[in-house]
There are 2 protein chains.
Amino acid sequence: MRRNAGDVSTTPQTHCDSKVTFVDTNIGQLTLPVVSRGEQESLDNFLVSVQIDEEVAKLLQLKAQLGGEDGKHQFVLKTPKGTRDYNPKQMAIREKVFNTIISCFKRHGAETIDTPVFELKETLTGKYGEDSKLIYDLKDQGGELLSLRYDLTVPFARYLAMNKITNIKRYHIAKVYRRDNPAMTRGRYREFYQCDFDIAGQYDAMIPDAECLKIVHEILSELQLGEFCIKVNDRRILDGMFAVCGVPDEKFRTICSTVDKLDKMSWEDVKKEMVNEKGLSEEAADQIGEYVSMRGGMDLAERLLQDQKMCQNKQACAGLSDIKLLFSYLQLFQVTDKVVFDLSLARGLDYYTGVIYEAVLTQAEESAGVGSVAGGGRYDGLVGMFDPKGRKVPCVGVSIGIERIFSIMEQKAEASAEKVRTTEVQVMVASAQKNLLEERLRLVTELWSAGIKAEVMYKKNPKLLSQLQHCEEGGVPLVAILGEQELKDGVVKLRVVSTREEVDISRADLIAEIKRRTSEA
Amino acid sequence: MRRNAGDVSTTPQTHCDSKVTFVDTNIGQLTLPVVSRGEQESLDNFLVSVQIDEEVAKLLQLKAQLGGEDGKHQFVLKTPKGTRDYNPKQMAIREKVFNTIISCFKRHGAETIDTPVFELKETLTGKYGEDSKLIYDLKDQGGELLSLRYDLTVPFARYLAMNKITNIKRYHIAKVYRRDNPAMTRGRYREFYQCDFDIAGQYDAMIPDAECLKIVHEILSELQLGEFCIKVNDRRILDGMFAVCGVPDEKFRTICSTVDKLDKMSWEDVKKEMVNEKGLSEEAADQIGEYVSMRGGMDLAERLLQDQKMCQNKQACAGLSDIKLLFSYLQLFQVTDKVVFDLSLARGLDYYTGVIYEAVLTQAEESAGVGSVAGGGRYDGLVGMFDPKGRKVPCVGVSIGIERIFSIMEQKAEASAEKVRTTEVQVMVASAQKNLLEERLRLVTELWSAGIKAEVMYKKNPKLLSQLQHCEEGGVPLVAILGEQELKDGVVKLRVVSTREEVDISRADLIAEIKRRTSEA
């Protein structure tokens, strides 16, 4: 997922109304003039601002530890900046989203792997360009120098090289870490999940690439996040375009990262940055401007293959032919309705070598560009960077930007009347009278043995009302009520929480009856 | 999970036969005389040894980076010490184990939460006694001082206090981090999973405690790990026992940690440590010796409630009454066959306040004491440590030692003839002739739309044999074969991989036929 540097974090931590001191790490930031320059500020300025911000936070934290007015030590009761806990409701939503995504990955025949949360520092070195500054390092406590993983792609490449694996189709869902400026309301955190699907191996052109786009299409459709669009481009087309427009070789990367801002800046501002900050000639910038305004489908690829200027460049031609081939496969996969060949797409990461893509939600209420929910591309050189003999393993993959999807799903759940259940309890074993704890424990044991999800209140003599209330609140559909009379008659009173209907069921039939009623639900 | 300090790590990293340099971090350790003192060495000595070990590793790593004989930079291609990747086969086993455990937690009505992988350093301070030395700190890069979580219990307590939650039943499955001495063949890592189930809330005595033991019983039975035994004791009984045996108050904790070694040291050695190293009187040690040799069930609790000496101590009496009550609930839960009241059980962590327990595999081939696969207890004071007003939230919980269980399951899978499948692919779409890529892509799209797990080879003209081979190796049960003739006839040749039987199925019936055949499997 692309991150933009200039965002100001806006979510305060959850506050307590007690003596516990909350250090709102945003205070420092909001009062620092350097941040008010907004989107235009360069990454370096941004990092200085983060540093100052964090020094302020540290001092406030130290002050809090020195104690309040009563001289007592006070805790700073919070999660680290840019991170959050997931409460049970959020976890229920997360589980649902993960299940949809994992089902799709499995439907496409992927295996899964896992790697450690930290890597040797040098494993990450030289892979992320300017963004390397955002890597979390571990303290040198003796032993190896370690860093938290920044994405799942570099650990994957390290895994392939280390185990000499030359082809695999795998998914990996795990947390990654970036010392970025958090914007938590928009689902941007310092600790966040990535859901990656990658295909490694020497195959015929564009077939695995097309499957990655098919997967993005399936997942975004199934999650029902609203209208979306998948932009496609190719690193070789970008480089070829820069070459034919007269950008000097050594400026390709920096001009590319300026083009990358087109989804949140106007062309005028992008041009200004190219000419004024990066020293590009005005003519070159204008020629780039013409190209990056183009978008279309297979037709655009065909048109550019006829373009006098573009055709001079071998790289660009190869890229355009591949885009054309890609679209032919996308037609067979029935996903061309959502895919756009967009020459302004220029993903930031250094390691891409061919096709790149990014999915955006087009109905997102947020400002342009932050609707991005998936991205990826081809990186044929990365595994070779880890191989002592430089042997290459071509790879293509996609990463689903799950945190943003969680945010949207949470807002949807919030807005919906339907209650999110956080447990799967089918029945509560309750009692109407006192001194029936033993009977309740005996019955719940029977139910557990039969695989039924059941619970009892951990009280000797709970009130019937509080047992019923617990079920109403938690969405538990059934209550199995025991009383002196029921015990004498060898029955259980089964109550349907939603309708308050009650019926006596013999002990022998109880399990079957609960299963019957909860499988209907 | 308890860790013992003296173990020497024995697993070398996976080696490559290439120029990539593997720094075997065990070399330094094995040649250091300090480690040869074995189990008797104190934690401090152990830590010095780890430090030396790690300095050696770092120097070797630096040397490797300076380049080999050809002067080229060489990568150290490995995961950090004490960590590992999970390959697809290991992940398939891990998924199975997690599913069993999560099903059990859900059957008992638990919700789930998640917390960040790191916490503010001060959140962890003062919670782990001597073991605090094993906490991983993050580098001070400006901002807050952070540490990787050491367990899931302290973050849980922080979560409860921060959100003012006074009752919850939750599970949490996540990785935790300890700079301990790894012993990877025995499933002991620096990064490892914990599967925690905890019940927080003010309830009647021993009911939630009994459910935790019920859960351990269910999980260990379902995983079929062989015979096991769950040892139970109570922190108050231990403290009372120390008091009546004449241990001075200030020595309770250190004597307790010596008693904790009884599962891997003889009583003679434990006594020697108490008397010679910890300065306890011989009489006191002998009195302790009598008690810690006792094990039994409810009967033992009853007998000790009559014990003249024990009865003098209020704490011990309260603990013994609770053990008696606990056993009465365990009888109702039908788990007393595996639970033993064992006065030698003394778990290390500082925060336990009442019942403690530990499950061990009794058939484990490994030396005594390392068969421990679950542990936990009551910690009524921990949440209060985070609450500014010290409000307590009583808690009891259990942690399943999943890495050791993975090791056992992997060995079992290795030994078994049955192949572990790493994907769930139901059918491969193959072609018998050339130039049928488009037809294959069209058909696989149809299957995906119908929710069938399917794949194609990413080649324009793959050989039929290599397509079939792929299915044999991956355990794919069906192949849908397309050829010119089949296309003309509007059929697909469906091949059953295991029997090599082939049958023509009309395109219209194909999806139903695949579903029918794979739901049987």
# chains A, B, ... in the order shown; residues from 1 in each chain; ligands from 1
$ residues_around --residues "stretch 163-167 of chain A" --least-positions-apart "6" --cutoff "10 Å" --atoms "only C-alpha atoms" --output "ChimeraX atom specification"
/A:157,199-203,383,387,391-395 /B:14-16,77-78,87
$ residues_around --residues "A:Ser321" --least-positions-apart "5" --cutoff "12 Å" --atoms "only C-alpha atoms" --output "list in words"
Ala205, Met206, Asn233, Asp234, Arg236, Ile237, Met298, Asp299, Leu300, Ala301, Glu302, Arg303, Leu304, Leu305, Gln306, Cys311, Lys314, Gln315, Ala316, Leu326, Phe327, Ser328, Gly354 and Val355 of chain A
$ residues_around --residues "stretch 452-466 of chain A" --least-positions-apart "6" --cutoff "8 Å" --atoms "only C-alpha atoms" --output "list in words"
Glu424, Val425, Gln426, Val427, Met428, Val429, Ala430, Ser431, Ala432, Gln433, Lys434, Asn435, Leu436, Leu437, Arg440, Leu441, Val444, Ile511 and Lys515 of chain A; Lys106, Arg107, His108, Gly109, Tyr203, Asp204, Ile207 and Pro208 of chain B
$ select_by_dssp --residues "stretch 173-346 of chain B" --states "strand (DSSP E)" --output "PDB file with N, CA, C and O atoms, in the first residue's frame"
ATOM      1  N   ILE B 173      -4.845 -15.502  20.408  1.00  0.00           N
ATOM      2  CA  ILE B 173      -3.797 -16.341  19.830  1.00  0.00           C
ATOM      3  C   ILE B 173      -2.856 -15.423  19.082  1.00  0.00           C
ATOM      4  O   ILE B 173      -3.251 -14.753  18.131  1.00  0.00           O
ATOM      5  N   ALA B 174      -1.612 -15.350  19.512  1.00  0.00           N
ATOM      6  CA  ALA B 174      -0.671 -14.423  18.890  1.00  0.00           C
ATOM      7  C   ALA B 174       0.748 -14.782  19.298  1.00  0.00           C
ATOM      8  O   ALA B 174       0.970 -15.577  20.211  1.00  0.00           O
ATOM      9  N   LYS B 175       1.703 -14.175  18.602  1.00  0.00           N
ATOM     10  CA  LYS B 175       3.107 -14.449  18.884  1.00  0.00           C
ATOM     11  C   LYS B 175       3.616 -13.577  20.033  1.00  0.00           C
ATOM     12  O   LYS B 175       3.241 -12.417  20.146  1.00  0.00           O
ATOM     13  N   VAL B 176       4.488 -14.153  20.841  1.00  0.00           N
ATOM     14  CA  VAL B 176       5.162 -13.401  21.895  1.00  0.00           C
ATOM     15  C   VAL B 176       6.673 -13.610  21.734  1.00  0.00           C
ATOM     16  O   VAL B 176       7.107 -14.482  20.978  1.00  0.00           O
ATOM     17  N   TYR B 177       7.456 -12.793  22.457  1.00  0.00           N
ATOM     18  CA  TYR B 177       8.888 -12.690  22.184  1.00  0.00           C
ATOM     19  C   TYR B 177       9.720 -12.773  23.459  1.00  0.00           C
ATOM     20  O   TYR B 177       9.453 -12.047  24.407  1.00  0.00           O
ATOM     21  N   GLU B 191      10.618 -16.428  19.148  1.00  0.00           N
ATOM     22  CA  GLU B 191       9.308 -15.952  18.688  1.00  0.00           C
ATOM     23  C   GLU B 191       8.392 -17.167  18.682  1.00  0.00           C
ATOM     24  O   GLU B 191       8.681 -18.149  17.992  1.00  0.00           O
ATOM     25  N   PHE B 192       7.345 -17.125  19.467  1.00  0.00           N
ATOM     26  CA  PHE B 192       6.473 -18.304  19.509  1.00  0.00           C
ATOM     27  C   PHE B 192       5.036 -17.897  19.805  1.00  0.00           C
ATOM     28  O   PHE B 192       4.772 -16.820  20.334  1.00  0.00           O
ATOM     29  N   TYR B 193       4.139 -18.779  19.421  1.00  0.00           N
ATOM     30  CA  TYR B 193       2.727 -18.527  19.640  1.00  0.00           C
ATOM     31  C   TYR B 193       2.309 -18.830  21.060  1.00  0.00           C
ATOM     32  O   TYR B 193       2.786 -19.784  21.673  1.00  0.00           O
ATOM     33  N   GLN B 194       1.387 -18.038  21.574  1.00  0.00           N
ATOM     34  CA  GLN B 194       0.651 -18.426  22.764  1.00  0.00           C
ATOM     35  C   GLN B 194      -0.827 -18.434  22.411  1.00  0.00           C
ATOM     36  O   GLN B 194      -1.292 -17.625  21.613  1.00  0.00           O
ATOM     37  N   CYS B 195      -1.547 -19.379  22.995  1.00  0.00           N
ATOM     38  CA  CYS B 195      -2.998 -19.473  22.822  1.00  0.00           C
ATOM     39  C   CYS B 195      -3.592 -19.328  24.201  1.00  0.00           C
ATOM     40  O   CYS B 195      -3.564 -20.280  24.978  1.00  0.00           O
ATOM     41  N   ASP B 196      -4.080 -18.152  24.501  1.00  0.00           N
ATOM     42  CA  ASP B 196      -4.548 -17.878  25.859  1.00  0.00           C
ATOM     43  C   ASP B 196      -6.064 -17.803  25.933  1.00  0.00           C
ATOM     44  O   ASP B 196      -6.713 -17.247  25.045  1.00  0.00           O
ATOM     45  N   PHE B 197      -6.580 -18.344  27.014  1.00  0.00           N
ATOM     46  CA  PHE B 197      -8.007 -18.250  27.331  1.00  0.00           C
ATOM     47  C   PHE B 197      -8.082 -17.711  28.752  1.00  0.00           C
ATOM     48  O   PHE B 197      -7.443 -18.261  29.654  1.00  0.00           O
ATOM     49  N   ASP B 198      -8.805 -16.625  28.957  1.00  0.00           N
ATOM     50  CA  ASP B 198      -8.892 -16.038  30.298  1.00  0.00           C
ATOM     51  C   ASP B 198     -10.318 -15.614  30.619  1.00  0.00           C
ATOM     52  O   ASP B 198     -11.067 -15.213  29.724  1.00  0.00           O
ATOM     53  N   ILE B 199     -10.642 -15.705  31.896  1.00  0.00           N
ATOM     54  CA  ILE B 199     -11.954 -15.264  32.371  1.00  0.00           C
ATOM     55  C   ILE B 199     -11.713 -14.180  33.416  1.00  0.00           C
ATOM     56  O   ILE B 199     -11.070 -14.430  34.434  1.00  0.00           O
ATOM     57  N   ALA B 200     -12.196 -12.975  33.134  1.00  0.00           N
ATOM     58  CA  ALA B 200     -12.052 -11.865  34.068  1.00  0.00           C
ATOM     59  C   ALA B 200     -13.419 -11.562  34.660  1.00  0.00           C
ATOM     60  O   ALA B 200     -14.419 -11.576  33.938  1.00  0.00           O
ATOM     61  N   PHE B 228      -1.656 -37.456  29.289  1.00  0.00           N
ATOM     62  CA  PHE B 228      -1.230 -36.211  29.926  1.00  0.00           C
ATOM     63  C   PHE B 228      -1.751 -36.139  31.341  1.00  0.00           C
ATOM     64  O   PHE B 228      -2.606 -36.945  31.752  1.00  0.00           O
ATOM     65  N   CYS B 229      -1.223 -35.194  32.064  1.00  0.00           N
ATOM     66  CA  CYS B 229      -1.600 -35.010  33.459  1.00  0.00           C
ATOM     67  C   CYS B 229      -1.589 -33.520  33.745  1.00  0.00           C
ATOM     68  O   CYS B 229      -0.716 -32.787  33.259  1.00  0.00           O
ATOM     69  N   ILE B 230      -2.612 -33.044  34.459  1.00  0.00           N
ATOM     70  CA  ILE B 230      -2.675 -31.625  34.798  1.00  0.00           C
ATOM     71  C   ILE B 230      -2.401 -31.470  36.295  1.00  0.00           C
ATOM     72  O   ILE B 230      -3.172 -31.947  37.125  1.00  0.00           O
ATOM     73  N   LYS B 231      -1.273 -30.849  36.616  1.00  0.00           N
ATOM     74  CA  LYS B 231      -0.917 -30.612  38.021  1.00  0.00           C
ATOM     75  C   LYS B 231      -1.561 -29.313  38.498  1.00  0.00           C
ATOM     76  O   LYS B 231      -1.557 -28.325  37.772  1.00  0.00           O
ATOM     77  N   VAL B 232      -2.069 -29.351  39.717  1.00  0.00           N
ATOM     78  CA  VAL B 232      -2.724 -28.174  40.291  1.00  0.00           C
ATOM     79  C   VAL B 232      -2.108 -27.864  41.645  1.00  0.00           C
ATOM     80  O   VAL B 232      -1.758 -28.780  42.395  1.00  0.00           O
ATOM     81  N   ASN B 233      -1.955 -26.593  41.945  1.00  0.00           N
ATOM     82  CA  ASN B 233      -1.541 -26.159  43.272  1.00  0.00           C
ATOM     83  C   ASN B 233      -2.111 -24.765  43.484  1.00  0.00           C
ATOM     84  O   ASN B 233      -2.925 -24.295  42.665  1.00  0.00           O
ATOM     85  N   ASP B 234      -1.721 -24.105  44.551  1.00  0.00           N
ATOM     86  CA  ASP B 234      -2.238 -22.766  44.830  1.00  0.00           C
ATOM     87  C   ASP B 234      -1.113 -21.936  45.434  1.00  0.00           C
ATOM     88  O   ASP B 234      -0.383 -22.412  46.307  1.00  0.00           O
ATOM     89  N   ARG B 295       1.253 -35.725  46.566  1.00  0.00           N
ATOM     90  CA  ARG B 295       0.298 -35.478  45.483  1.00  0.00           C
ATOM     91  C   ARG B 295      -0.940 -36.351  45.656  1.00  0.00           C
ATOM     92  O   ARG B 295      -0.868 -37.426  46.257  1.00  0.00           O
ATOM     93  N   GLY B 296      -2.061 -35.870  45.160  1.00  0.00           N
ATOM     94  CA  GLY B 296      -3.306 -36.616  45.318  1.00  0.00           C
ATOM     95  C   GLY B 296      -4.457 -35.864  44.699  1.00  0.00           C
ATOM     96  O   GLY B 296      -4.258 -35.117  43.729  1.00  0.00           O
ATOM     97  N   VAL B 339      -6.357 -34.843  36.600  1.00  0.00           N
ATOM     98  CA  VAL B 339      -5.909 -33.713  37.424  1.00  0.00           C
ATOM     99  C   VAL B 339      -5.323 -34.213  38.743  1.00  0.00           C
ATOM    100  O   VAL B 339      -5.925 -35.051  39.417  1.00  0.00           O
ATOM    101  N   VAL B 340      -4.152 -33.698  39.076  1.00  0.00           N
ATOM    102  CA  VAL B 340      -3.462 -34.089  40.301  1.00  0.00           C
ATOM    103  C   VAL B 340      -3.130 -32.845  41.111  1.00  0.00           C
ATOM    104  O   VAL B 340      -2.571 -31.891  40.579  1.00  0.00           O
ATOM    105  N   PHE B 341      -3.497 -32.876  42.396  1.00  0.00           N
ATOM    106  CA  PHE B 341      -3.084 -31.816  43.327  1.00  0.00           C
ATOM    107  C   PHE B 341      -1.639 -32.127  43.728  1.00  0.00           C
ATOM    108  O   PHE B 341      -1.367 -33.153  44.342  1.00  0.00           O
ATOM    109  N   ASP B 342      -0.700 -31.265  43.313  1.00  0.00           N
ATOM    110  CA  ASP B 342       0.731 -31.560  43.445  1.00  0.00           C
ATOM    111  C   ASP B 342       1.408 -30.385  44.147  1.00  0.00           C
ATOM    112  O   ASP B 342       1.545 -29.298  43.575  1.00  0.00           O
TER     113      ASP B 342
END
$ closest_residue --among "B:Leu160, B:Met241, B:Ile400, B:Val97" --to "chain A" --atoms "only C-alpha atoms"
B:Leu160
$ residues_around --residues "B:Lys493" --least-positions-apart "6" --cutoff "9 Å" --atoms "only C-alpha atoms" --output "ChimeraX atom specification"
/B:479-483,486,502-506
$ residues_around --residues "A:Ile219" --least-positions-apart "5" --cutoff "8 Å" --atoms "only C-alpha atoms" --output "number ranges by chain"
A: 100-101, 104
$ write_last_selection --atoms "N, CA and C atoms" --output "compact mmCIF listing (two decimals), in the first residue's frame"
# COMPACT_ATOMS: atom_id res chain seq x y z
N THR A 100 -13.31 -14.22 3.91
CA THR A 100 -13.59 -13.95 2.49
C THR A 100 -12.30 -13.98 1.67
N ILE A 101 -11.28 -13.31 2.19
CA ILE A 101 -10.02 -13.20 1.45
C ILE A 101 -9.32 -14.55 1.35
N CYS A 104 -10.87 -16.89 -1.10
CA CYS A 104 -10.50 -16.56 -2.48
C CYS A 104 -9.10 -17.08 -2.80
$ closest_residue --among "A:Ala346, A:Cys471, A:Val247, A:Val373" --to "chain B" --atoms "only C-alpha atoms"
A:Cys471
$ atom_distance --atom1 "atom CA of B:Val476" --atom2 "atom CA of A:Thr153"
27.4 Å
$ select_by_dssp --residues "stretch 458-490 of chain A" --states "helix (DSSP H, G or I)" --output "PDB file with N, CA and C atoms, in the first residue's frame"
ATOM      1  N   LEU A 464     -32.569 -15.497  37.457  1.00  0.00           N
ATOM      2  CA  LEU A 464     -32.992 -15.910  36.113  1.00  0.00           C
ATOM      3  C   LEU A 464     -32.952 -14.713  35.166  1.00  0.00           C
ATOM      4  N   LEU A 465     -33.401 -13.563  35.676  1.00  0.00           N
ATOM      5  CA  LEU A 465     -33.446 -12.380  34.839  1.00  0.00           C
ATOM      6  C   LEU A 465     -32.070 -12.007  34.301  1.00  0.00           C
ATOM      7  N   SER A 466     -31.045 -12.088  35.159  1.00  0.00           N
ATOM      8  CA  SER A 466     -29.716 -11.690  34.690  1.00  0.00           C
ATOM      9  C   SER A 466     -29.165 -12.714  33.696  1.00  0.00           C
ATOM     10  N   GLN A 467     -29.582 -13.963  33.837  1.00  0.00           N
ATOM     11  CA  GLN A 467     -29.164 -14.977  32.866  1.00  0.00           C
ATOM     12  C   GLN A 467     -29.824 -14.711  31.506  1.00  0.00           C
ATOM     13  N   LEU A 468     -31.087 -14.347  31.547  1.00  0.00           N
ATOM     14  CA  LEU A 468     -31.806 -14.057  30.297  1.00  0.00           C
ATOM     15  C   LEU A 468     -31.272 -12.783  29.638  1.00  0.00           C
ATOM     16  N   GLN A 469     -30.982 -11.797  30.484  1.00  0.00           N
ATOM     17  CA  GLN A 469     -30.436 -10.540  29.979  1.00  0.00           C
ATOM     18  C   GLN A 469     -29.117 -10.761  29.245  1.00  0.00           C
ATOM     19  N   HIS A 470     -28.272 -11.601  29.847  1.00  0.00           N
ATOM     20  CA  HIS A 470     -26.992 -11.921  29.223  1.00  0.00           C
ATOM     21  C   HIS A 470     -27.208 -12.472  27.805  1.00  0.00           C
ATOM     22  N   CYS A 471     -28.241 -13.305  27.653  1.00  0.00           N
ATOM     23  CA  CYS A 471     -28.529 -13.893  26.341  1.00  0.00           C
ATOM     24  C   CYS A 471     -29.029 -12.840  25.353  1.00  0.00           C
ATOM     25  N   GLU A 472     -29.896 -11.976  25.826  1.00  0.00           N
ATOM     26  CA  GLU A 472     -30.416 -10.907  24.961  1.00  0.00           C
ATOM     27  C   GLU A 472     -29.263 -10.048  24.446  1.00  0.00           C
ATOM     28  N   GLU A 473     -28.379  -9.663  25.359  1.00  0.00           N
ATOM     29  CA  GLU A 473     -27.275  -8.774  24.985  1.00  0.00           C
ATOM     30  C   GLU A 473     -26.284  -9.442  24.039  1.00  0.00           C
ATOM     31  N   GLY A 474     -26.004 -10.713  24.290  1.00  0.00           N
ATOM     32  CA  GLY A 474     -24.980 -11.394  23.504  1.00  0.00           C
ATOM     33  C   GLY A 474     -25.524 -12.098  22.279  1.00  0.00           C
ATOM     34  N   GLU A 484     -36.473 -27.243  39.910  1.00  0.00           N
ATOM     35  CA  GLU A 484     -36.794 -28.467  40.679  1.00  0.00           C
ATOM     36  C   GLU A 484     -37.765 -29.356  39.902  1.00  0.00           C
ATOM     37  N   GLN A 485     -38.806 -28.703  39.353  1.00  0.00           N
ATOM     38  CA  GLN A 485     -39.842 -29.465  38.672  1.00  0.00           C
ATOM     39  C   GLN A 485     -39.290 -30.161  37.434  1.00  0.00           C
ATOM     40  N   GLU A 486     -38.502 -29.414  36.644  1.00  0.00           N
ATOM     41  CA  GLU A 486     -37.903 -29.971  35.423  1.00  0.00           C
ATOM     42  C   GLU A 486     -37.038 -31.173  35.779  1.00  0.00           C
ATOM     43  N   LEU A 487     -36.256 -31.034  36.858  1.00  0.00           N
ATOM     44  CA  LEU A 487     -35.380 -32.140  37.251  1.00  0.00           C
ATOM     45  C   LEU A 487     -36.202 -33.382  37.606  1.00  0.00           C
ATOM     46  N   LYS A 488     -37.304 -33.139  38.347  1.00  0.00           N
ATOM     47  CA  LYS A 488     -38.180 -34.254  38.721  1.00  0.00           C
ATOM     48  C   LYS A 488     -38.763 -34.930  37.485  1.00  0.00           C
ATOM     49  N   ASP A 489     -39.180 -34.093  36.506  1.00  0.00           N
ATOM     50  CA  ASP A 489     -39.831 -34.620  35.298  1.00  0.00           C
ATOM     51  C   ASP A 489     -38.844 -35.127  34.247  1.00  0.00           C
TER      52      ASP A 489
END
$ decode --residues "stretch 175-195 of chain B" --atoms "N, CA and C atoms" --output "short mmCIF file (atom, residue, chain, number, x, y, z; two decimals), in the first residue's frame"
data_model
loop_
_atom_site.label_atom_id
_atom_site.label_comp_id
_atom_site.auth_asym_id
_atom_site.auth_seq_id
_atom_site.Cartn_x
_atom_site.Cartn_y
_atom_site.Cartn_z
N LYS B 175 1.70 -14.18 18.60
CA LYS B 175 3.11 -14.45 18.88
C LYS B 175 3.62 -13.58 20.03
N VAL B 176 4.49 -14.15 20.84
CA VAL B 176 5.16 -13.40 21.90
C VAL B 176 6.67 -13.61 21.73
N TYR B 177 7.46 -12.79 22.46
CA TYR B 177 8.89 -12.69 22.18
C TYR B 177 9.72 -12.77 23.46
N ARG B 178 10.71 -13.66 23.48
CA ARG B 178 11.60 -13.79 24.64
C ARG B 178 13.02 -14.04 24.17
N ARG B 179 13.95 -13.21 24.67
CA ARG B 179 15.37 -13.37 24.30
C ARG B 179 15.98 -14.50 25.11
N ASP B 180 15.37 -15.64 25.00
CA ASP B 180 15.74 -16.80 25.79
C ASP B 180 16.70 -17.64 24.96
N ASN B 181 17.24 -18.67 25.58
CA ASN B 181 18.13 -19.55 24.86
C ASN B 181 17.30 -20.55 24.07
N PRO B 182 17.29 -20.45 22.74
CA PRO B 182 16.38 -21.33 21.99
C PRO B 182 16.81 -22.80 22.02
N ALA B 183 15.83 -23.68 21.96
CA ALA B 183 16.08 -25.12 21.82
C ALA B 183 15.04 -25.59 20.82
N MET B 184 15.35 -25.38 19.55
CA MET B 184 14.31 -25.43 18.53
C MET B 184 13.77 -26.83 18.27
N THR B 185 14.62 -27.87 18.43
CA THR B 185 14.09 -29.22 18.22
C THR B 185 13.01 -29.55 19.23
N ARG B 186 13.10 -28.93 20.40
CA ARG B 186 12.08 -29.19 21.41
C ARG B 186 10.97 -28.16 21.38
N GLY B 187 10.91 -27.41 20.28
CA GLY B 187 9.82 -26.46 20.13
C GLY B 187 9.98 -25.24 21.01
N ARG B 188 11.24 -24.86 21.32
CA ARG B 188 11.41 -23.64 22.10
C ARG B 188 12.10 -22.57 21.28
N TYR B 189 11.38 -21.47 21.05
CA TYR B 189 11.83 -20.42 20.15
C TYR B 189 11.85 -19.08 20.86
N ARG B 190 12.46 -18.10 20.20
CA ARG B 190 12.42 -16.72 20.71
C ARG B 190 11.16 -16.01 20.26
N GLU B 191 10.62 -16.43 19.15
CA GLU B 191 9.31 -15.95 18.69
C GLU B 191 8.39 -17.17 18.68
N PHE B 192 7.34 -17.12 19.47
CA PHE B 192 6.47 -18.30 19.51
C PHE B 192 5.04 -17.90 19.81
N TYR B 193 4.14 -18.78 19.42
CA TYR B 193 2.73 -18.53 19.64
C TYR B 193 2.31 -18.83 21.06
N GLN B 194 1.39 -18.04 21.57
CA GLN B 194 0.65 -18.43 22.76
C GLN B 194 -0.83 -18.43 22.41
N CYS B 195 -1.55 -19.38 22.99
CA CYS B 195 -3.00 -19.47 22.82
C CYS B 195 -3.59 -19.33 24.20
#
